[in-house]
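See below for my_file.cif, which holds mmCIF, C-alpha atoms.
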```cif
data_my_file
#
loop_
_atom_site.label_atom_id
_atom_site.label_comp_id
_atom_site.auth_asym_id
_atom_site.auth_seq_id
_atom_site.Cartn_x
_atom_site.Cartn_y
_atom_site.Cartn_z
CA MET B 264 94.34 97.57 105.80
CA ILE B 265 90.56 97.19 105.60
CA LEU B 266 88.84 100.26 104.13
CA PRO B 267 85.37 101.52 105.08
CA GLN B 268 82.54 99.48 103.63
CA LYS B 269 80.93 100.34 100.31
CA ASN B 270 77.70 99.08 98.82
CA ILE B 271 78.58 96.29 96.37
CA SER B 272 75.65 97.17 94.12
CA SER B 273 77.08 100.66 93.60
CA LEU B 274 80.71 99.55 93.38
CA ALA B 275 81.47 99.81 89.67
CA GLU B 276 85.16 99.05 90.07
CA ILE B 277 87.89 98.11 92.52
CA ASN B 278 90.95 100.32 92.34
CA SER B 279 93.39 98.94 94.90
CA GLU B 280 94.30 95.88 96.91
CA ASP B 281 92.93 97.57 100.02
CA GLU B 282 89.55 97.96 98.33
CA LEU B 283 89.73 94.36 97.10
CA GLU B 284 90.49 93.04 100.58
CA GLU B 285 87.60 95.07 101.98
CA VAL B 286 85.17 93.45 99.53
CA LEU B 287 86.62 89.96 100.01
CA SER B 288 86.37 90.18 103.80
CA ARG B 289 83.01 91.90 104.03
CA PRO B 290 80.55 89.80 106.08
CA THR B 291 77.03 89.25 104.81
CA PRO B 292 73.98 89.31 107.10
CA GLN B 293 74.02 85.49 106.92
CA ASP B 294 77.66 85.47 108.08
CA LEU B 295 76.74 87.62 111.07
CA GLN B 296 73.76 85.46 111.92
CA ASP B 297 75.66 82.18 111.75
CA LEU B 298 78.81 83.38 113.49
CA SER B 299 76.71 84.80 116.32
CA ARG B 300 75.56 81.18 116.88
CA LEU B 301 79.07 79.74 116.68
CA ALA B 302 80.76 79.41 120.06
CA GLY B 303 84.50 79.49 120.59
CA ASP B 304 87.71 80.72 118.98
CA ILE B 305 88.62 80.08 115.33
CA LEU B 306 92.05 78.66 114.48
CA ILE B 307 93.01 78.83 110.78
CA LEU B 308 95.75 76.40 109.79
CA GLY B 309 97.60 77.16 106.57
CA ALA B 310 96.38 80.76 106.53
CA GLY B 311 99.20 82.14 104.40
CA GLY B 312 97.91 80.99 101.01
CA LYS B 313 95.65 82.56 98.41
CA MET B 314 92.44 82.36 100.45
CA GLY B 315 93.65 82.32 104.03
CA PRO B 316 94.28 86.03 104.65
CA SER B 317 90.84 87.14 103.47
CA LEU B 318 89.18 84.27 105.37
CA ALA B 319 90.94 85.38 108.56
CA ARG B 320 89.84 88.95 107.99
CA LEU B 321 86.26 87.85 107.26
CA ALA B 322 86.15 85.76 110.44
CA THR B 323 87.48 88.69 112.47
CA ARG B 324 85.10 91.27 110.99
CA ALA B 325 82.06 88.99 111.20
CA SER B 326 82.83 88.04 114.79
CA ARG B 327 83.35 91.64 115.80
CA GLU B 328 80.14 92.82 114.11
CA ALA B 329 78.22 89.87 115.58
CA GLY B 330 79.30 90.97 119.05
CA SER B 331 81.65 88.06 119.71
CA ALA B 332 84.91 88.49 121.60
CA ARG B 333 86.38 85.32 120.07
CA ARG B 334 89.98 85.04 119.01
CA VAL B 335 90.74 84.46 115.33
CA ILE B 336 94.21 82.94 115.02
CA ALA B 337 96.01 82.53 111.68
CA VAL B 338 98.76 79.91 111.56
CA ALA B 339 101.26 79.39 108.73
CA ARG B 340 104.90 79.68 107.77
CA PHE B 341 104.01 82.91 105.88
CA SER B 342 106.35 83.12 102.90
CA ASN B 343 105.05 86.68 102.48
CA LYS B 344 106.90 88.25 105.38
CA SER B 345 104.81 91.42 105.46
CA LEU B 346 101.53 89.53 105.75
CA PRO B 347 101.67 88.64 109.48
CA GLN B 348 101.81 92.29 110.54
CA GLU B 349 99.12 93.25 108.03
CA LEU B 350 96.83 90.63 109.56
CA ARG B 351 97.65 91.80 113.08
CA ASN B 352 96.75 95.34 112.03
CA ASP B 353 93.32 94.00 111.06
CA GLY B 354 92.77 92.31 114.42
CA VAL B 355 93.91 88.77 113.56
CA GLU B 356 96.25 86.94 115.91
CA VAL B 357 99.18 85.37 114.06
CA ILE B 358 101.40 82.39 114.81
CA GLU B 359 104.31 81.69 112.47
CA THR B 360 105.23 78.02 112.51
CA ASN B 361 105.78 74.88 110.45
CA LEU B 362 102.68 72.72 110.77
CA LEU B 363 104.57 69.61 109.62
CA ASP B 364 106.62 69.78 112.82
CA PRO B 365 104.60 67.71 115.35
CA GLN B 366 106.00 69.61 118.34
CA SER B 367 104.99 72.96 116.84
CA LEU B 368 101.52 71.59 116.18
CA ARG B 369 101.18 70.40 119.78
CA GLU B 370 102.11 73.87 121.05
CA LEU B 371 99.28 75.61 119.19
CA PRO B 372 96.41 76.91 121.34
CA GLU B 373 93.19 75.03 121.86
CA ALA B 374 90.25 76.17 119.73
CA GLU B 375 86.68 75.01 119.44
CA ASN B 376 86.75 75.72 115.70
CA VAL B 377 89.50 74.81 113.24
CA VAL B 378 89.70 75.73 109.57
CA TYR B 379 92.12 73.44 107.76
CA MET B 380 93.58 75.16 104.69
CA ALA B 381 97.01 73.54 104.43
CA GLY B 382 97.57 71.79 101.13
CA ARG B 383 99.97 71.37 98.24
CA LYS B 384 99.18 71.12 94.54
CA PHE B 385 101.72 72.72 92.26
CA GLY B 386 105.19 71.20 92.26
CA THR B 387 103.78 67.74 92.92
CA VAL B 388 105.49 66.27 89.84
CA GLY B 389 109.06 65.60 90.97
CA ASP B 390 108.32 66.03 94.68
CA GLU B 391 105.38 63.72 95.23
CA ALA B 392 106.45 62.78 98.76
CA LEU B 393 106.07 66.34 100.07
CA THR B 394 102.62 66.59 98.49
CA TRP B 395 101.52 63.38 100.20
CA ALA B 396 103.02 64.50 103.52
CA THR B 397 101.17 67.82 103.31
CA ASN B 398 97.88 66.46 102.01
CA ALA B 399 97.66 63.12 103.83
CA TYR B 400 100.08 62.94 106.79
CA LEU B 401 99.42 66.44 108.18
CA PRO B 402 95.62 65.97 108.24
CA GLY B 403 96.14 63.00 110.55
CA LEU B 404 98.24 65.09 112.93
CA VAL B 405 95.63 67.87 112.90
CA ALA B 406 92.64 65.55 113.27
CA ASP B 407 94.29 63.85 116.23
CA ARG B 408 95.34 67.14 117.87
CA TYR B 409 91.91 68.76 117.40
CA ARG B 410 89.64 65.73 117.59
CA HIS B 411 87.35 67.55 120.03
CA SER B 412 86.98 70.66 117.83
CA ARG B 413 84.72 71.43 114.91
CA ILE B 414 86.86 71.19 111.76
CA ALA B 415 86.13 72.74 108.37
CA ALA B 416 88.64 71.17 105.98
CA TRP B 417 89.22 72.40 102.45
CA SER B 418 89.34 69.69 99.82
CA THR B 419 89.04 69.96 96.04
CA GLY B 420 86.75 69.04 93.19
CA ASN B 421 89.75 67.18 91.76
CA VAL B 422 88.69 64.16 93.81
CA TYR B 423 86.04 63.61 91.11
CA PRO B 424 86.70 62.16 87.66
CA LEU B 425 86.06 64.16 84.52
CA SER B 426 82.35 64.36 83.72
CA PRO B 427 80.34 64.89 80.53
CA THR B 428 80.50 68.57 79.66
CA GLN B 429 76.75 68.81 79.23
CA SER B 430 76.09 67.34 82.69
CA ALA B 431 75.78 69.11 86.03
CA GLY B 432 78.81 67.20 87.26
CA PRO B 433 79.11 64.93 90.30
CA ASN B 434 77.23 65.72 93.49
CA GLU B 435 78.42 64.87 96.98
CA GLU B 436 77.10 61.29 96.76
CA SER B 437 78.73 60.56 93.38
CA PRO B 438 81.68 58.15 93.15
CA VAL B 439 85.09 59.77 93.42
CA GLY B 440 87.81 59.09 90.87
CA PRO B 441 90.90 61.24 91.39
CA ILE B 442 93.28 61.61 88.43
CA GLY B 443 96.97 61.97 89.31
CA GLU B 444 98.87 62.10 92.57
CA TYR B 445 97.69 65.53 93.69
CA ALA B 446 94.07 64.47 93.41
CA GLN B 447 94.80 61.10 94.99
CA SER B 448 96.53 62.73 97.95
CA SER B 449 93.58 65.12 98.28
CA LEU B 450 91.23 62.16 98.55
CA ALA B 451 93.61 60.72 101.14
CA ARG B 452 93.17 63.93 103.15
CA GLU B 453 89.42 63.37 103.14
CA ARG B 454 89.80 59.72 104.14
CA ILE B 455 92.03 60.64 107.08
CA PHE B 456 89.48 63.12 108.40
CA GLN B 457 86.77 60.52 107.86
CA TYR B 458 88.81 58.00 109.85
CA PHE B 459 89.14 60.30 112.85
CA SER B 460 85.47 61.18 112.55
CA ALA B 461 84.58 57.47 112.69
CA THR B 462 87.02 56.49 115.45
CA ALA B 463 87.21 59.62 117.61
CA GLY B 464 83.93 61.35 116.82
CA ALA B 465 85.64 64.33 115.20
CA LYS B 466 83.06 66.77 113.80
CA VAL B 467 84.14 67.66 110.28
CA SER B 468 82.93 69.45 107.18
CA LEU B 469 84.77 68.59 103.93
CA LEU B 470 84.62 71.35 101.33
CA ARG B 471 85.34 70.38 97.72
CA LEU B 472 86.30 73.61 95.95
CA ASN B 473 86.72 74.44 92.26
CA TYR B 474 87.64 77.17 91.35
CA ALA B 475 87.84 80.27 93.56
CA VAL B 476 88.17 83.61 91.75
CA GLU B 477 89.25 87.08 92.79
CA LEU B 478 91.06 89.81 90.89
CA ARG B 479 94.63 88.61 91.49
CA TYR B 480 94.24 84.94 90.60
CA GLY B 481 91.80 82.37 89.33
CA VAL B 482 90.52 81.03 86.02
CA LEU B 483 89.34 84.46 84.87
CA VAL B 484 92.77 85.95 85.58
CA ASP B 485 94.44 83.07 83.73
CA LEU B 486 92.27 83.75 80.69
CA ALA B 487 92.59 87.54 80.84
CA THR B 488 96.39 87.49 81.07
CA LYS B 489 96.64 85.18 78.05
CA ILE B 490 94.26 87.33 76.03
CA LEU B 491 96.12 90.52 76.96
CA ALA B 492 99.43 88.90 75.96
CA ARG B 493 97.89 87.77 72.65
CA GLU B 494 98.58 84.16 73.57
CA PRO B 495 96.30 81.32 72.40
CA VAL B 496 93.66 80.24 74.91
CA ASP B 497 93.39 76.46 75.26
CA ILE B 498 89.71 75.47 75.25
CA SER B 499 90.19 71.69 75.34
CA MET B 500 88.85 71.76 78.92
CA GLY B 501 85.61 73.08 77.58
CA ALA B 502 83.81 74.06 80.77
CA VAL B 503 84.58 75.08 84.36
CA ASN B 504 82.86 75.97 87.61
CA ILE B 505 84.09 79.18 89.25
CA ILE B 506 82.99 81.02 92.38
CA TRP B 507 83.84 84.33 94.06
CA GLN B 508 86.47 83.74 96.73
CA GLY B 509 84.66 85.80 99.35
CA TYR B 510 81.60 83.56 99.00
CA ALA B 511 83.73 80.42 99.30
CA ASN B 512 85.24 81.72 102.54
CA SER B 513 81.80 82.62 103.84
CA VAL B 514 80.55 79.09 103.18
CA CYS B 515 83.63 77.67 104.91
CA LEU B 516 83.04 79.59 108.13
CA ARG B 517 79.31 78.94 108.14
CA SER B 518 79.92 75.24 107.49
CA LEU B 519 81.46 74.93 110.95
CA LEU B 520 77.90 74.86 112.28
CA HIS B 521 77.29 71.80 110.09
CA SER B 522 80.43 69.88 111.02
CA CYS B 523 79.46 66.43 112.17
CA ALA B 524 80.39 62.76 112.36
CA PRO B 525 80.38 61.28 109.77
CA PRO B 526 81.63 64.37 107.94
CA PHE B 527 79.38 66.82 106.16
CA VAL B 528 80.53 66.96 102.51
CA LEU B 529 79.87 69.98 100.29
CA ASN B 530 80.79 71.00 96.75
CA VAL B 531 81.69 74.69 96.92
CA THR B 532 81.49 76.31 93.50
CA SER B 533 79.08 77.91 91.06
CA PRO B 534 75.67 76.27 90.65
CA VAL B 535 76.23 76.20 86.87
CA SER B 536 79.31 75.60 84.74
CA TYR B 537 80.62 78.07 82.18
CA SER B 538 82.01 77.51 78.70
CA VAL B 539 85.70 78.41 78.73
CA ARG B 540 85.35 79.86 75.25
CA TRP B 541 82.42 82.03 76.38
CA LEU B 542 84.35 83.30 79.40
CA ALA B 543 87.32 84.16 77.20
CA GLU B 544 85.10 85.93 74.68
CA GLN B 545 83.48 88.04 77.41
CA LEU B 546 86.87 89.00 78.85
CA ALA B 547 88.23 89.75 75.39
CA LYS B 548 85.26 92.04 74.72
CA GLU B 549 86.05 93.96 77.93
CA LEU B 550 89.74 94.12 76.94
CA GLY B 551 89.02 95.17 73.35
CA ILE B 552 91.04 92.29 71.92
CA ASN B 553 90.16 89.53 69.47
CA PRO B 554 91.01 86.28 71.29
CA VAL B 555 92.94 83.42 69.72
CA PHE B 556 91.91 79.88 70.60
CA THR B 557 93.70 76.57 70.42
CA GLY B 558 92.34 73.06 70.74
CA GLN B 559 88.76 71.88 70.60
CA PRO B 560 86.41 71.44 73.58
CA ARG B 561 86.45 67.84 74.72
CA ASP B 562 83.30 66.04 75.73
CA SER B 563 84.36 65.87 79.40
CA ALA B 564 85.56 68.35 82.00
CA LEU B 565 86.26 68.73 85.73
CA LEU B 566 82.84 69.78 87.03
CA SER B 567 80.89 69.75 90.30
CA ASP B 568 77.20 69.94 91.11
CA ALA B 569 76.84 72.66 93.77
CA SER B 570 73.05 72.40 94.18
CA ARG B 571 73.40 71.56 97.88
CA CYS B 572 75.63 74.59 98.49
CA LEU B 573 73.18 76.92 96.75
CA LYS B 574 70.24 75.52 98.69
CA MET B 575 71.96 75.71 102.08
CA PHE B 576 74.02 78.89 101.79
CA GLY B 577 72.34 80.91 99.04
CA PRO B 578 73.93 82.47 95.95
CA SER B 579 77.20 84.35 95.74
CA PRO B 580 76.83 88.12 96.26
CA ILE B 581 79.23 88.66 93.33
CA PRO B 582 77.82 87.18 90.09
CA ILE B 583 79.82 86.27 87.00
CA GLU B 584 78.52 89.45 85.31
CA GLN B 585 80.43 91.48 87.91
CA MET B 586 83.54 89.31 88.10
CA ILE B 587 84.32 89.52 84.38
CA PRO B 588 84.59 93.34 84.07
CA TRP B 589 86.35 93.60 87.42
CA VAL B 590 89.02 91.08 86.38
CA ALA B 591 89.43 92.56 82.91
CA ARG B 592 89.95 96.06 84.26
CA TRP B 593 92.33 94.85 86.97
CA VAL B 594 94.52 92.90 84.57
CA ARG B 595 94.45 95.60 81.88
CA SER B 596 95.59 98.23 84.42
CA GLY B 597 98.65 96.18 85.40
CA SER B 598 97.51 95.79 89.00
CA THR B 599 99.12 93.23 91.30
CA LEU B 600 98.68 89.55 90.42
CA LEU B 601 99.65 86.56 92.53
CA ASN B 602 101.18 84.82 89.50
CA LYS B 603 99.72 81.49 90.58
CA PRO B 604 97.96 79.98 87.55
CA THR B 605 95.22 77.47 88.28
CA HIS B 606 96.23 75.19 85.37
CA PHE B 607 92.54 74.45 84.94
CA GLU B 608 93.40 73.17 81.45
CA VAL B 609 95.23 70.11 82.83
CA ARG B 610 93.34 66.90 82.10
CA GLU B 611 95.85 64.24 83.11
CA GLY B 612 96.24 65.36 86.75
CA LYS B 613 99.91 66.37 86.60
CA PHE B 614 100.67 69.57 88.49
#
```
Please re-express this file's structure in structure tokens.
Amino acid sequence: MILPQKNISSLAEINSEDELEEVLSRPTPQDLQDLSRLAGDILILGAGGKMGPSLARLATRASREAGSARRVIAVARFSNKSLPQELRNDGVEVIETNLLDPQSLRELPEAENVVYMAGRKFGTVGDEALTWATNAYLPGLVADRYRHSRIAAWSTGNVYPLSPTQSAGPNEESPVGPIGEYAQSSLARERIFQYFSATAGAKVSLLRLNYAVELRYGVLVDLATKILAREPVDISMGAVNIIWQGYANSVCLRSLLHSCAPPFVLNVTSPVSYSVRWLAEQLAKELGINPVFTGQPRDSALLSDASRCLKMFGPSPIPIEQMIPWVARWVRSGSTLLNKPTHFEVREGKF
């Protein structure tokens, strides 16, 4: 359920998942402006994951407030069986299906705009074939089926190699260098969309994300839960980029206007990186706990230069100074978590 809107600047805390979903799905004036220019329905493939529900709600709210009668259709298998009805209650159309079944994919409705969110990361080790099928084979099916649509496809900053910690990280023109099979299959996803863009004229935006944060999951939640449990915090991955999930979803929807052939590529994350030790210390201060650290910061980390994103789409409405106390209070209060660690500490690419 989406609650009535509050002013973010006066919102000192978030007390429930309903309030959290309201903030995550709240359209900005820029969302309204861009979605008023975007023609056609929006089909969200793989909408049952961490970001999909709030993206579907954002698309629905922004479209409604922009005066558009478009359909917003969320498609997934939906392992959370209560989620489809919750989305319907918020005005989202829902289709429950297995996207890896070609016949089911063919039966989906036409849509001028497609958001591709399907992907697999964790569990890759030991079941690499399913990861490659999800991350490389399925994009080909989707790109072929929706070659005449605008496609915003989520990718990952893992397609880049580790970069010097003191650097800004790779930009969109930097060489890729995926480490491990998850990252390699994610690059394969990009290459498949690029192929259909080159051969069929598919208009695509490729969004390289690391790492989205909200109060139930993300790097800040990973750190806060370890601190609260008095577990050592590994700081060998010395720095990270993190971004508010609502902003990432906003950029995704607005990027549909920039989908083109060859694909528009965008790093979606914070414009600066943060020391993992500093983040942990700030969270520990909010939690009233002395943190324990293990390891030493290495001279390289998984980073991305998001200068283009900042220039084109502006800053996140939720800064790090707001995220830290929100996450600390949420975790300390025992509120619901998704229990899906990011494993941002992993350096060898095994997930």
Query - Chain and number of each residue from the PyMOL selection byres ((chain B and resi 339) around 8), as a PyMOL selection string - result: chain B and resi 308-311+337-338+340-341+358-362
Query raised in the report: Skipping near chain neighbours, those fewer than 5 positions away, what residues fall within 12 Å of Arg452 (chain B) using all atoms listed in the file, listed as a PyMOL selection string?
Result: chain B and resi 379-383+394-406+416-419+422+445-447+457-459+469-471
Export of the given selection (C-alpha atoms) as a CSV table (one decimal), in the coordinates of the input:
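again-v5.csv, freshly written:
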```csv
chain,number,residue,atom,x,y,z
B,379,TYR,CA,92.1,73.4,107.8
B,380,MET,CA,93.6,75.2,104.7
B,381,ALA,CA,97.0,73.5,104.4
B,382,GLY,CA,97.6,71.8,101.1
B,383,ARG,CA,100.0,71.4,98.2
B,394,THR,CA,102.6,66.6,98.5
B,395,TRP,CA,101.5,63.4,100.2
B,396,ALA,CA,103.0,64.5,103.5
B,397,THR,CA,101.2,67.8,103.3
B,398,ASN,CA,97.9,66.5,102.0
B,399,ALA,CA,97.7,63.1,103.8
B,400,TYR,CA,100.1,62.9,106.8
B,401,LEU,CA,99.4,66.4,108.2
B,402,PRO,CA,95.6,66.0,108.2
B,403,GLY,CA,96.1,63.0,110.6
B,404,LEU,CA,98.2,65.1,112.9
B,405,VAL,CA,95.6,67.9,112.9
B,406,ALA,CA,92.6,65.6,113.3
B,416,ALA,CA,88.6,71.2,106.0
B,417,TRP,CA,89.2,72.4,102.4
B,418,SER,CA,89.3,69.7,99.8
B,419,THR,CA,89.0,70.0,96.0
B,422,VAL,CA,88.7,64.2,93.8
B,445,TYR,CA,97.7,65.5,93.7
B,446,ALA,CA,94.1,64.5,93.4
B,447,GLN,CA,94.8,61.1,95.0
B,457,GLN,CA,86.8,60.5,107.9
B,458,TYR,CA,88.8,58.0,109.8
B,459,PHE,CA,89.1,60.3,112.8
B,469,LEU,CA,84.8,68.6,103.9
B,470,LEU,CA,84.6,71.4,101.3
B,471,ARG,CA,85.3,70.4,97.7
```
Query raised in the report: With all atoms listed in the file as the atoms that count, which of B:Asn421, B:Gln296, B:Asn530, B:Ser499 lies nearest to Lys384 (chain B)?
Result: B:Asn421
Report task. Determine the residue set returned by the PyMOL selection byres ((chain B and resi 528) around 6) for the present structure, and present it as a ChimeraX atom specification. Result -> /B:468-469,527,529
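Straight-line separation from CA of Thr291 (chain B) to CA of Pro580 (chain B): 8.6 Å.
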Report task. Just the residues within 9 Å of region 320-333 of chain B, please, counting all atoms listed in the file, with nothing from its chain fewer than 6 positions along; format it as a ChimeraX atom specification. Result -> /B:265,284-285,287-291,294-299,302-305,350,353-355,509,512-513,516
Requested in this report: Could you give me, as a PyMOL selection string, the residues within 9 Å of Val467 (chain B), counting all atoms listed in the file and dropping anything in the same chain fewer than 5 positions from it?
Outcome: chain B and resi 412-416+456-457+460+519+521-528
Requested in this report: Given the file shown, determine the residues that the PyMOL selection byres ((chain B and resi 426-431) around 7) selects; report them as a ChimeraX atom specification.
Outcome: /B:424-425,432-433,502,562-568
Query raised in the report: Do you have the CA of Arg517 (chain B)-CA of Ser367 (chain B) distance handy?
Result: 27.8 Å
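CA of Tyr409 (chain B) is found 10.1 Å from CA of Pro372 (chain B).
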Report task. Using only C-alpha atoms, determine which residues lie at most 8 Å from region 491-495 of chain B, disregarding the query and same-chain residues fewer than 5 positions distant; provide the list as a list in words. Result ->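 Neighbouring residues, sequence-local ones excluded: Leu550, Ile552, Pro554, Val555, Phe556, Thr557 and Arg595 of chain B.
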**Report entry** Contacts of Arg479 (chain B) at 12 Å (all atoms listed in the file; same-chain gap of 4+ positions) as a PyMOL selection string
**Finding:** chain B and resi 277+279-280+283-284+287+313-314+475+483-485+487-488+507-508+586+589-605
Include C-alpha atoms and write out the residues we just selected as a PDB file, keeping the file's coordinate frame.
```
ATOM      1  CA  ILE B 277      87.890  98.110  92.520  1.00  0.00           C
ATOM      2  CA  SER B 279      93.390  98.940  94.900  1.00  0.00           C
ATOM      3  CA  GLU B 280      94.300  95.880  96.910  1.00  0.00           C
ATOM      4  CA  LEU B 283      89.730  94.360  97.100  1.00  0.00           C
ATOM      5  CA  GLU B 284      90.490  93.040 100.580  1.00  0.00           C
ATOM      6  CA  LEU B 287      86.620  89.960 100.010  1.00  0.00           C
ATOM      7  CA  LYS B 313      95.650  82.560  98.410  1.00  0.00           C
ATOM      8  CA  MET B 314      92.440  82.360 100.450  1.00  0.00           C
ATOM      9  CA  ALA B 475      87.840  80.270  93.560  1.00  0.00           C
ATOM     10  CA  LEU B 483      89.340  84.460  84.870  1.00  0.00           C
ATOM     11  CA  VAL B 484      92.770  85.950  85.580  1.00  0.00           C
ATOM     12  CA  ASP B 485      94.440  83.070  83.730  1.00  0.00           C
ATOM     13  CA  ALA B 487      92.590  87.540  80.840  1.00  0.00           C
ATOM     14  CA  THR B 488      96.390  87.490  81.070  1.00  0.00           C
ATOM     15  CA  TRP B 507      83.840  84.330  94.060  1.00  0.00           C
ATOM     16  CA  GLN B 508      86.470  83.740  96.730  1.00  0.00           C
ATOM     17  CA  MET B 586      83.540  89.310  88.100  1.00  0.00           C
ATOM     18  CA  TRP B 589      86.350  93.600  87.420  1.00  0.00           C
ATOM     19  CA  VAL B 590      89.020  91.080  86.380  1.00  0.00           C
ATOM     20  CA  ALA B 591      89.430  92.560  82.910  1.00  0.00           C
ATOM     21  CA  ARG B 592      89.950  96.060  84.260  1.00  0.00           C
ATOM     22  CA  TRP B 593      92.330  94.850  86.970  1.00  0.00           C
ATOM     23  CA  VAL B 594      94.520  92.900  84.570  1.00  0.00           C
ATOM     24  CA  ARG B 595      94.450  95.600  81.880  1.00  0.00           C
ATOM     25  CA  SER B 596      95.590  98.230  84.420  1.00  0.00           C
ATOM     26  CA  GLY B 597      98.650  96.180  85.400  1.00  0.00           C
ATOM     27  CA  SER B 598      97.510  95.790  89.000  1.00  0.00           C
ATOM     28  CA  THR B 599      99.120  93.230  91.300  1.00  0.00           C
ATOM     29  CA  LEU B 600      98.680  89.550  90.420  1.00  0.00           C
ATOM     30  CA  LEU B 601      99.650  86.560  92.530  1.00  0.00           C
ATOM     31  CA  ASN B 602     101.180  84.820  89.500  1.00  0.00           C
ATOM     32  CA  LYS B 603      99.720  81.490  90.580  1.00  0.00           C
ATOM     33  CA  PRO B 604      97.960  79.980  87.550  1.00  0.00           C
ATOM     34  CA  THR B 605      95.220  77.470  88.280  1.00  0.00           C
TER      35      THR B 605
END
```
Query raised in the report: Of the candidates B:Ala569, B:Ile442, B:Val377, B:Ile587, which one gets nearest to Val482 (chain B) if we count all atoms listed in the file?
Result: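 Between B:Ala569, B:Ile442, B:Val377, B:Ile587, the residue approaching Val482 (chain B) most closely is B:Ile587.
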Report task. Using only C-alpha atoms, find the one residue out of B:Arg571, B:Glu453, B:Glu276, B:Ala511 that sits nearest to Glu436 (chain B). Result ->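 Checking each candidate against Glu436 (chain B), we get B:Arg571 as the closest.
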Report task. May I ask which of the residues B:Ala547, B:Glu375, B:Asp281, B:Ile583 is the closest one to Val535 (chain B), counting all atoms listed in the file? Result -> B:Ile583
As JSON, please: the centre and edge lengths in Å, to one decimal, of an axis-aligned box enclosing every listed atom of region 386-396 of chain B with 3 Å added on each side.
```
{"center_x": 105.3, "center_y": 67.0, "center_z": 96.7, "size_x": 13.5, "size_y": 14.4, "size_z": 19.7}
```
Query raised in the report: Which one of B:Tyr537, B:Glu444, B:Ala374, B:Glu356 sits closest to Gly389 (chain B) if you count all atoms listed in the file?
Result: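 Using all atoms listed in the file, the shortest distance to Gly389 (chain B) belongs to B:Glu444.
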